[in-house]
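What follows is coords.txt (compact mmCIF, C-alpha atoms).
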```txt
# COMPACT_ATOMS: atom_id res chain seq x y z
CA MET A 1 34.42 12.84 3.96
CA GLU A 2 34.09 9.79 1.73
CA LEU A 3 31.23 9.43 -0.75
CA THR A 4 30.60 6.17 -2.58
CA CYS A 5 27.72 4.61 -4.46
CA ARG A 6 26.81 1.20 -5.87
CA PRO A 7 23.91 -0.32 -7.79
CA LEU A 8 21.71 -2.91 -6.09
CA THR A 9 19.50 -5.36 -8.00
CA LEU A 10 16.20 -6.31 -6.38
CA HIS A 11 14.41 -9.50 -7.44
CA LEU A 12 10.62 -9.47 -7.24
CA ARG A 13 8.71 -12.40 -5.77
CA ASP A 14 6.20 -12.20 -8.63
CA THR A 15 6.29 -10.48 -12.01
CA PHE A 16 5.04 -6.97 -11.28
CA THR A 17 2.67 -5.68 -13.94
CA ILE A 18 1.03 -2.28 -14.14
CA ALA A 19 -0.87 -0.61 -16.98
CA ARG A 20 2.29 0.33 -18.89
CA SER A 21 4.94 -2.30 -18.07
CA SER A 22 6.02 -5.57 -16.43
CA VAL A 23 9.24 -6.24 -14.49
CA ASP A 24 10.90 -9.10 -12.62
CA THR A 25 13.84 -7.10 -11.28
CA GLU A 26 14.56 -3.47 -10.46
CA GLU A 27 17.81 -1.64 -9.79
CA VAL A 28 18.31 1.00 -7.12
CA LEU A 29 21.35 3.07 -6.15
CA VAL A 30 22.84 2.91 -2.66
CA VAL A 31 24.90 5.93 -1.58
CA GLU A 32 27.18 5.96 1.46
CA VAL A 33 28.77 8.94 3.20
CA ASP A 34 31.45 8.48 5.83
CA ASP A 35 32.56 11.43 7.91
CA GLY A 36 34.11 11.58 11.37
CA GLY A 37 33.82 7.83 11.79
CA VAL A 38 30.05 7.89 11.19
CA ARG A 39 28.54 6.25 8.13
CA GLY A 40 25.18 7.15 6.62
CA ARG A 41 23.37 5.29 3.84
CA GLY A 42 20.65 6.32 1.43
CA GLU A 43 18.91 4.74 -1.50
CA GLY A 44 17.48 6.19 -4.68
CA ALA A 45 15.12 4.59 -7.18
CA PRO A 46 15.02 5.74 -10.81
CA VAL A 47 11.80 7.08 -12.29
CA ALA A 48 11.88 5.08 -15.51
CA TYR A 49 9.05 6.97 -17.22
CA TRP A 50 11.15 10.12 -16.87
CA GLY A 51 14.09 8.37 -18.52
CA GLU A 52 16.13 7.93 -15.35
CA SER A 53 18.47 4.97 -14.87
CA VAL A 54 20.69 3.75 -12.06
CA ALA A 55 23.75 4.20 -14.30
CA GLY A 56 22.79 7.82 -14.93
CA MET A 57 22.16 8.40 -11.24
CA ALA A 58 25.55 6.90 -10.30
CA GLY A 59 27.32 9.11 -12.84
CA ALA A 60 25.57 12.20 -11.51
CA VAL A 61 26.49 11.37 -7.91
CA ALA A 62 30.11 10.75 -8.89
CA ALA A 63 30.29 14.04 -10.77
CA ASP A 64 28.45 16.39 -8.39
CA GLY A 65 27.68 14.61 -5.13
CA ARG A 66 30.66 15.88 -3.15
CA ALA A 67 29.96 19.51 -4.03
CA LEU A 68 26.25 19.12 -3.26
CA LEU A 69 26.98 17.78 0.22
CA GLY A 70 29.46 20.53 1.01
CA ASP A 71 31.71 20.61 4.05
CA ASP A 72 29.16 20.04 6.84
CA LEU A 73 26.67 17.16 6.71
CA ARG A 74 24.80 18.73 9.63
CA ASP A 75 23.64 21.52 7.33
CA VAL A 76 20.66 19.47 6.17
CA GLU A 77 18.63 22.46 4.96
CA GLY A 78 21.54 23.90 3.01
CA ILE A 79 22.12 20.53 1.34
CA ALA A 80 18.39 20.30 0.57
CA ARG A 81 18.47 23.72 -1.14
CA ARG A 82 21.42 22.67 -3.29
CA LEU A 83 19.70 19.42 -4.23
CA ARG A 84 16.52 21.28 -5.26
CA ALA A 85 18.54 23.60 -7.49
CA TRP A 86 20.55 20.76 -9.04
CA ASP A 87 19.43 19.49 -12.46
CA GLY A 88 20.49 15.91 -11.66
CA PRO A 89 18.19 12.86 -11.52
CA GLN A 90 15.53 12.89 -8.81
CA GLY A 91 16.55 9.38 -7.75
CA ALA A 92 20.11 10.59 -7.14
CA LYS A 93 18.73 13.42 -4.97
CA MET A 94 16.73 10.86 -2.98
CA ALA A 95 19.84 8.76 -2.34
CA LEU A 96 22.00 11.70 -1.25
CA ASP A 97 19.24 13.15 0.93
CA GLY A 98 18.68 9.76 2.57
CA ALA A 99 22.37 9.27 3.31
CA VAL A 100 22.58 12.72 4.92
CA HIS A 101 19.56 12.11 7.14
CA ASP A 102 20.91 8.70 8.16
CA TRP A 103 24.32 10.22 8.96
CA VAL A 104 22.83 13.02 11.07
CA GLY A 105 20.63 10.62 13.02
CA ARG A 106 23.57 8.33 13.70
CA ARG A 107 25.82 11.26 14.58
CA TYR A 108 23.39 12.41 17.27
CA GLY A 109 22.14 8.98 18.30
CA GLN A 110 18.51 9.58 17.38
CA PRO A 111 16.08 8.11 14.82
CA VAL A 112 15.28 10.50 12.00
CA TRP A 113 11.56 10.48 12.83
CA ARG A 114 12.35 11.79 16.30
CA LEU A 115 14.62 14.52 14.91
CA LEU A 116 11.65 15.53 12.73
CA GLY A 117 9.49 15.85 15.84
CA LEU A 118 7.24 12.88 15.03
CA ASP A 119 6.01 9.90 17.04
CA GLY A 120 7.11 7.19 14.60
CA VAL A 121 3.65 5.56 14.35
CA LEU A 122 2.33 5.02 10.80
CA PRO A 123 -1.17 4.29 9.48
CA PRO A 124 -1.57 0.78 8.02
CA THR A 125 0.14 0.27 4.69
CA SER A 126 -1.66 -1.06 1.66
CA PHE A 127 -0.28 -4.21 0.04
CA THR A 128 -0.02 -3.92 -3.74
CA ILE A 129 -1.49 -6.50 -6.12
CA GLY A 130 -0.17 -6.12 -9.68
CA ILE A 131 -2.14 -6.85 -12.83
CA ALA A 132 -2.50 -10.61 -13.35
CA THR A 133 -5.11 -13.20 -14.22
CA VAL A 134 -8.14 -13.43 -11.97
CA GLU A 135 -6.85 -16.69 -10.49
CA GLU A 136 -3.35 -15.34 -9.84
CA THR A 137 -4.78 -12.13 -8.37
CA VAL A 138 -6.72 -14.13 -5.79
CA ALA A 139 -3.69 -16.31 -5.08
CA ARG A 140 -1.55 -13.25 -4.38
CA VAL A 141 -4.10 -11.87 -1.93
CA ARG A 142 -4.20 -15.22 -0.14
CA ARG A 143 -0.39 -15.29 0.02
CA ALA A 144 -0.41 -11.91 1.79
CA PRO A 145 -2.94 -12.22 4.62
CA GLY A 146 -3.21 -9.83 7.54
CA PHE A 147 -3.33 -6.53 5.65
CA ALA A 148 -6.14 -4.09 6.33
CA VAL A 149 -5.79 -2.55 2.86
CA TYR A 150 -4.97 -3.91 -0.60
CA LYS A 151 -4.05 -1.63 -3.51
CA VAL A 152 -4.96 -3.25 -6.80
CA LYS A 153 -3.30 -2.24 -10.06
CA VAL A 154 -5.87 -1.76 -12.84
CA GLY A 155 -5.79 -0.70 -16.47
CA GLY A 156 -5.51 -4.19 -17.91
CA PRO A 157 -8.04 -6.81 -18.96
CA ALA A 158 -10.70 -8.01 -16.50
CA ASP A 159 -10.29 -5.18 -13.99
CA LEU A 160 -13.79 -5.62 -12.60
CA GLU A 161 -13.56 -9.42 -12.48
CA ARG A 162 -10.32 -9.22 -10.54
CA LEU A 163 -11.77 -6.79 -7.99
CA GLU A 164 -14.89 -8.92 -7.57
CA ALA A 165 -12.72 -11.98 -7.01
CA ILE A 166 -10.65 -10.17 -4.39
CA ARG A 167 -13.77 -9.03 -2.60
CA SER A 168 -15.01 -12.62 -2.52
CA VAL A 169 -12.01 -13.68 -0.40
CA THR A 170 -11.36 -10.64 1.82
CA GLY A 171 -13.25 -7.93 3.62
CA ALA A 172 -10.19 -5.65 3.64
CA ARG A 173 -10.35 -2.12 2.33
CA LEU A 174 -9.58 -1.76 -1.39
CA ARG A 175 -7.79 0.97 -3.31
CA ILE A 176 -7.07 0.96 -7.02
CA ASP A 177 -4.25 2.44 -9.10
CA GLY A 178 -4.72 3.05 -12.82
CA ASN A 179 -1.16 4.23 -13.61
CA GLU A 180 -2.69 6.46 -16.31
CA GLY A 181 -4.33 3.42 -17.97
CA TRP A 182 -8.01 4.42 -18.05
CA THR A 183 -10.13 6.69 -20.20
CA PHE A 184 -12.91 8.84 -18.78
CA ASP A 185 -15.54 6.57 -20.34
CA GLN A 186 -14.01 3.51 -18.65
CA ALA A 187 -13.99 5.22 -15.28
CA ARG A 188 -17.58 6.41 -15.61
CA GLU A 189 -18.78 2.93 -16.60
CA LEU A 190 -16.97 1.17 -13.75
CA LEU A 191 -17.74 3.69 -11.01
CA PRO A 192 -21.08 2.31 -9.73
CA ARG A 193 -19.74 -1.22 -9.34
CA LEU A 194 -16.50 0.03 -7.78
CA ARG A 195 -18.52 1.78 -5.10
CA GLU A 196 -20.57 -1.38 -4.50
CA LEU A 197 -17.34 -3.31 -3.98
CA GLY A 198 -16.21 -0.81 -1.37
CA VAL A 199 -13.28 0.66 -3.30
CA GLU A 200 -12.28 3.76 -1.33
CA MET A 201 -10.10 5.71 -3.76
CA VAL A 202 -8.52 5.65 -7.22
CA GLU A 203 -4.93 6.65 -7.93
CA GLN A 204 -3.97 8.30 -11.23
CA PRO A 205 -6.77 6.89 -13.42
CA PHE A 206 -5.95 9.10 -16.44
CA PRO A 207 -2.75 10.27 -18.15
CA ALA A 208 -1.15 13.13 -16.25
CA GLY A 209 -1.70 15.56 -19.11
CA ASP A 210 -5.37 14.65 -19.65
CA LEU A 211 -6.76 17.35 -17.38
CA ASP A 212 -10.03 17.34 -19.32
CA SER A 213 -10.79 13.80 -18.12
CA PHE A 214 -9.96 14.76 -14.55
CA ALA A 215 -12.29 17.77 -14.81
CA ARG A 216 -15.14 15.68 -16.27
CA TYR A 217 -14.64 12.99 -13.66
CA ARG A 218 -14.81 15.62 -10.91
CA GLU A 219 -18.37 16.45 -12.00
CA LEU A 220 -19.64 12.87 -11.67
CA PRO A 221 -22.05 12.19 -8.79
CA ASP A 222 -20.80 9.79 -6.13
CA ARG A 223 -17.30 9.67 -7.62
CA LEU A 224 -14.41 8.04 -5.79
CA PRO A 225 -11.68 10.35 -4.46
CA VAL A 226 -8.77 10.72 -6.89
CA TYR A 227 -5.11 10.89 -5.85
CA VAL A 228 -2.54 12.12 -8.36
CA ASP A 229 0.76 10.25 -8.66
CA GLU A 230 2.41 10.60 -12.07
CA GLY A 231 1.04 14.14 -12.33
CA CYS A 232 2.62 15.29 -9.03
CA ARG A 233 6.39 15.55 -8.88
CA ASP A 234 7.55 18.03 -6.24
CA LEU A 235 6.38 21.08 -4.29
CA ALA A 236 5.91 23.18 -7.42
CA SER A 237 3.32 20.75 -8.80
CA VAL A 238 1.12 20.55 -5.69
CA PRO A 239 -1.02 23.72 -6.05
CA ALA A 240 -2.28 22.81 -9.52
CA VAL A 241 -3.46 19.38 -8.33
CA ALA A 242 -5.76 21.03 -5.80
CA GLY A 243 -7.83 22.27 -8.74
CA TYR A 244 -8.71 18.86 -10.15
CA ALA A 245 -8.08 16.09 -7.57
CA ASP A 246 -8.59 15.19 -3.93
CA GLY A 247 -5.10 14.15 -2.95
CA ILE A 248 -1.49 13.65 -3.99
CA VAL A 249 0.90 10.71 -3.89
CA VAL A 250 4.27 11.75 -2.48
CA LYS A 251 7.22 9.56 -3.48
CA LEU A 252 10.79 10.37 -2.53
CA ALA A 253 12.06 9.06 -5.88
CA LYS A 254 9.96 11.70 -7.65
CA CYS A 255 10.48 14.67 -5.34
CA GLY A 256 14.10 14.06 -4.39
CA GLY A 257 14.08 13.11 -0.73
CA ILE A 258 12.77 13.57 2.78
CA ARG A 259 13.14 17.34 2.95
CA GLU A 260 11.22 18.03 -0.27
CA ALA A 261 8.55 15.50 0.70
CA GLN A 262 8.09 17.30 4.01
CA ARG A 263 7.48 20.56 2.13
CA MET A 264 4.93 18.83 -0.09
CA LEU A 265 3.08 17.46 2.93
CA ALA A 266 2.87 20.94 4.45
CA ALA A 267 1.59 22.44 1.19
CA ALA A 268 -1.01 19.69 0.81
CA ALA A 269 -2.32 20.37 4.31
CA ALA A 270 -2.63 24.07 3.53
CA LEU A 271 -4.53 23.30 0.31
CA ASP A 272 -6.84 20.73 1.96
CA LEU A 273 -5.36 17.92 -0.13
CA ARG A 274 -4.98 14.47 1.36
CA VAL A 275 -1.65 12.66 1.03
CA MET A 276 -0.70 9.10 0.26
CA LEU A 277 2.96 8.38 1.00
CA GLY A 278 4.13 5.93 -1.65
CA CYS A 279 7.22 4.32 -3.13
CA MET A 280 8.79 2.82 -6.21
CA ILE A 281 10.27 -0.71 -6.09
CA GLU A 282 12.73 -0.17 -3.25
CA SER A 283 14.61 -2.13 -0.60
CA PRO A 284 13.97 -1.65 3.14
CA LEU A 285 16.52 1.18 3.04
CA GLY A 286 14.49 3.24 0.55
CA ILE A 287 11.24 2.41 2.33
CA ALA A 288 12.75 3.49 5.66
CA GLN A 289 13.50 6.92 4.19
CA ALA A 290 9.87 7.57 3.27
CA ALA A 291 8.53 5.92 6.41
CA GLN A 292 10.21 8.56 8.60
CA LEU A 293 7.45 10.93 7.39
CA GLY A 294 4.68 8.33 7.68
CA PRO A 295 3.02 9.86 10.76
CA LEU A 296 2.22 12.98 8.67
CA ALA A 297 0.43 11.11 5.85
CA ASP A 298 -3.25 10.21 5.55
CA LEU A 299 -2.61 6.98 3.64
CA ILE A 300 0.46 4.75 3.47
CA ASP A 301 1.58 2.67 0.49
CA LEU A 302 5.03 1.55 1.60
CA ASP A 303 5.14 -2.13 0.76
CA ALA A 304 7.76 -2.49 -1.98
CA HIS A 305 10.21 -4.21 0.37
CA LEU A 306 7.54 -6.87 0.91
CA LEU A 307 7.30 -7.52 -2.83
CA ILE A 308 10.98 -8.45 -3.27
CA ALA A 309 12.68 -11.78 -2.56
CA ASP A 310 15.90 -10.08 -1.41
CA GLU A 311 16.58 -8.73 2.07
CA PRO A 312 19.65 -6.52 1.63
CA PHE A 313 18.78 -4.46 4.72
CA THR A 314 17.07 -5.30 7.99
CA GLY A 315 15.48 -3.28 10.77
CA LEU A 316 11.99 -2.36 9.56
CA GLY A 317 9.19 -4.21 11.28
CA LEU A 318 5.66 -5.14 10.23
CA ASP A 319 2.84 -5.53 12.72
CA ALA A 320 -0.81 -6.08 11.75
CA GLY A 321 -0.21 -4.47 8.37
CA ARG A 322 1.70 -1.46 9.72
CA VAL A 323 5.32 -0.66 8.91
CA VAL A 324 7.10 -0.35 12.25
CA LEU A 325 9.99 2.07 12.49
CA PRO A 326 12.82 1.01 14.78
CA ASP A 327 14.04 3.18 17.63
CA ALA A 328 17.61 2.88 16.33
CA PRO A 329 19.60 5.97 15.27
CA GLY A 330 19.32 7.34 11.75
CA LEU A 331 17.02 5.51 9.38
CA GLY A 332 17.17 2.47 11.63
CA VAL A 333 18.18 -0.16 9.07
CA GLU A 334 21.42 -2.06 8.62
CA PRO A 335 22.90 -4.22 5.85
CA SER A 336 21.87 -7.84 6.23
CA GLY A 337 24.41 -9.99 8.01
CA GLY A 338 25.81 -7.02 9.89
CA ALA A 339 28.09 -5.95 7.05
CA ALA A 340 29.60 -2.50 7.46
```
As structure tokens:
Amino acid sequence: MELTCRPLTLHLRDTFTIARSSVDTEEVLVVEVDDGGVRGRGEGAPVAYWGESVAGMAGAVAADGRALLGDDLRDVEGIARRLRAWDGPQGAKMALDGAVHDWVGRRYGQPVWRLLGLDGVLPPTSFTIGIATVEETVARVRRAPGFAVYKVKVGGPADLERLEAIRSVTGARLRIDGNEGWTFDQARELLPRLRELGVEMVEQPFPAGDLDSFARYRELPDRLPVYVDEGCRDLASVPAVAGYADGIVVKLAKCGGIREAQRMLAAAAALDLRVMLGCMIESPLGIAQAAQLGPLADLIDLDAHLLIADEPFTGLGLDAGRVVLPDAPGLGVEPSGGAA
């Protein structure tokens, strides 16, 4: 078996600003496994606020990847157990896990979603609008027509003005994401107007460790449902969230891959938590990994490949605001231009 990895730089169409940072490019790690004449690919995105980097992920894969994969790539559950026990970067786990799932699907000639027993049909994805001026916010919505849902990053200046401007040009559903950028007082003050504007949920309004604000918010009348992103990493963190929020955001870059995400989805269902399936800035390869589980999620936020100018992989479709999974084996995406 051959195992290789390489960094891939993604260039964003617009500067992407959230409450804590702005970026024009992002790096991801592409991992390839080749065994028995079958090649599988996976992608991992670093979680920067945990101190992860693509260089660190590549070093970890080079050092431990071969041992983690073992001698039989068909042993997906055994590989998943080793990845969970490994103290390496979560983004590296995501890449290795994705490559294994792609390899197995290609080996048996089936799409991963079918091997998981799913129908491959996803709910509509939201399209993300980063923090910008009111004018630029409206321009970005107009440049991305046809989506049933927009997710608006908040936590900067003029949050309410931006949302009002968006509502003036679209009747689409609205979600907001604070990326830990609000205080309880800000949320309480904005809540009545947010409801009037038809905002349907708020993602991570407060810092992950500020459980007091989450508890106080939970007591507000007519509050919006809260989904926890930065405060929910993997399966072990799900039960606690049930005590102070309405849902979780599952991202493969945080939890380490498809198998761990599947466990989180099952736990959320048992705890009566709703699930948004989300992403970091990723190429179509990384998005395809998460999208395999899309039929199990309540909400979908898998649009990062639509925010980048590059197209390093092809195969994913988009129809009326829904990510469309191909019927091709594995993850269903190929390098652009047909490269091996």
### Who sits within 10 Å of region 219-222 of chain A, all atoms listed in the file, same chain under 2 positions skipped, as a ChimeraX atom specification
/A:188,191-192,195,214-217,224-225
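Using all atoms listed in the file, the smallest distance between any of A:Ile300, A:Val47, A:Ala245, A:Met264 and Val323 (chain A) comes from A:Ile300.
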Padding 5 Å on every side, please: axis-aligned box over the listed atoms of region 309-324 of chain A, centre and edge lengths to one decimal in Å, as lines of an AutoDock Vina configuration file.
```
center_x = 9.4
center_y = -6.1
center_z = 5.1
size_x = 30.5
size_y = 21.4
size_z = 25.3
```
### Query
Using only C-alpha atoms, which residues sit within 6 Å of region 250-262 of chain A once same-chain residues fewer than 5 positions away are excluded, as a PyMOL selection string?
chain A and resi 45+90-91+93-94+97+233-234+277-279
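CA of Ala148 (chain A) is found 21.4 Å from CA of Asp119 (chain A).
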### Two-atom distance - CA of Gly36 (chain A), CA of Leu115 (chain A) (Å)
20.0 Å
### Query
Restricting the calculation to all atoms listed in the file, which member of A:Thr128, A:Ser21, A:Ser283, A:Ser53 is positioned closest to Arg143 (chain A)?
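That would be A:Thr128, the residue with the smallest distance to Arg143 (chain A).
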### Point-to-point distance from CA of Trp86 (chain A) to CA of Gly44 (chain A), Å rounded to tenths
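Interatomic distance here is 15.5 Å.
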### Message
I need the residue nearest Ala60 (chain A) from this list: A:Glu2, A:Glu43, A:Asp87, A:Asp35. Use all atoms listed in the file for the distance.
### Response
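Nearest candidate to Ala60 (chain A) out of A:Glu2, A:Glu43, A:Asp87, A:Asp35: A:Asp87.
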### Given all atoms listed in the file as the counted atoms, nearest of A:Val152, A:Ala291, A:Ile18, A:Ala58 to Ala95 (chain A)
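Smallest distance to Ala95 (chain A) is found for A:Ala58.
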Dig up all the protein and nucleic acid residues within 9 Å of (23.1, 6.0, 4.3) in the file frame, using only C-alpha atoms, and format them as a PDB file with C-alpha atoms, in the frame of the given file.
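Written output follows (point.pdb):
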```
ATOM      1  CA  VAL A  30      22.840   2.910  -2.660  1.00  0.00           C
ATOM      2  CA  VAL A  31      24.900   5.930  -1.580  1.00  0.00           C
ATOM      3  CA  GLU A  32      27.180   5.960   1.460  1.00  0.00           C
ATOM      4  CA  VAL A  33      28.770   8.940   3.200  1.00  0.00           C
ATOM      5  CA  ASP A  34      31.450   8.480   5.830  1.00  0.00           C
ATOM      6  CA  ARG A  39      28.540   6.250   8.130  1.00  0.00           C
ATOM      7  CA  GLY A  40      25.180   7.150   6.620  1.00  0.00           C
ATOM      8  CA  ARG A  41      23.370   5.290   3.840  1.00  0.00           C
ATOM      9  CA  GLY A  42      20.650   6.320   1.430  1.00  0.00           C
ATOM     10  CA  GLU A  43      18.910   4.740  -1.500  1.00  0.00           C
ATOM     11  CA  ALA A  95      19.840   8.760  -2.340  1.00  0.00           C
ATOM     12  CA  LEU A  96      22.000  11.700  -1.250  1.00  0.00           C
ATOM     13  CA  ASP A  97      19.240  13.150   0.930  1.00  0.00           C
ATOM     14  CA  GLY A  98      18.680   9.760   2.570  1.00  0.00           C
ATOM     15  CA  ALA A  99      22.370   9.270   3.310  1.00  0.00           C
ATOM     16  CA  VAL A 100      22.580  12.720   4.920  1.00  0.00           C
ATOM     17  CA  HIS A 101      19.560  12.110   7.140  1.00  0.00           C
ATOM     18  CA  ASP A 102      20.910   8.700   8.160  1.00  0.00           C
ATOM     19  CA  TRP A 103      24.320  10.220   8.960  1.00  0.00           C
ATOM     20  CA  LEU A 285      16.520   1.180   3.040  1.00  0.00           C
ATOM     21  CA  GLY A 330      19.320   7.340  11.750  1.00  0.00           C
ATOM     22  CA  LEU A 331      17.020   5.510   9.380  1.00  0.00           C
TER      23      LEU A 331
END
```
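Take the candidates A:Tyr150, A:Val238, A:Glu180, A:Val324 and check each one against Tyr49 (chain A) using only C-alpha atoms; the shortest distance goes to A:Glu180.
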### Message
Can you tell me which residues surround Gly321 (chain A) at a distance of at most 10 Å, considering only C-alpha atoms, apart from same-chain residues fewer than 5 positions away, and format the answer as an MDAnalysis selection string?
### Response
chainID A and resid 123:127 144:149 303
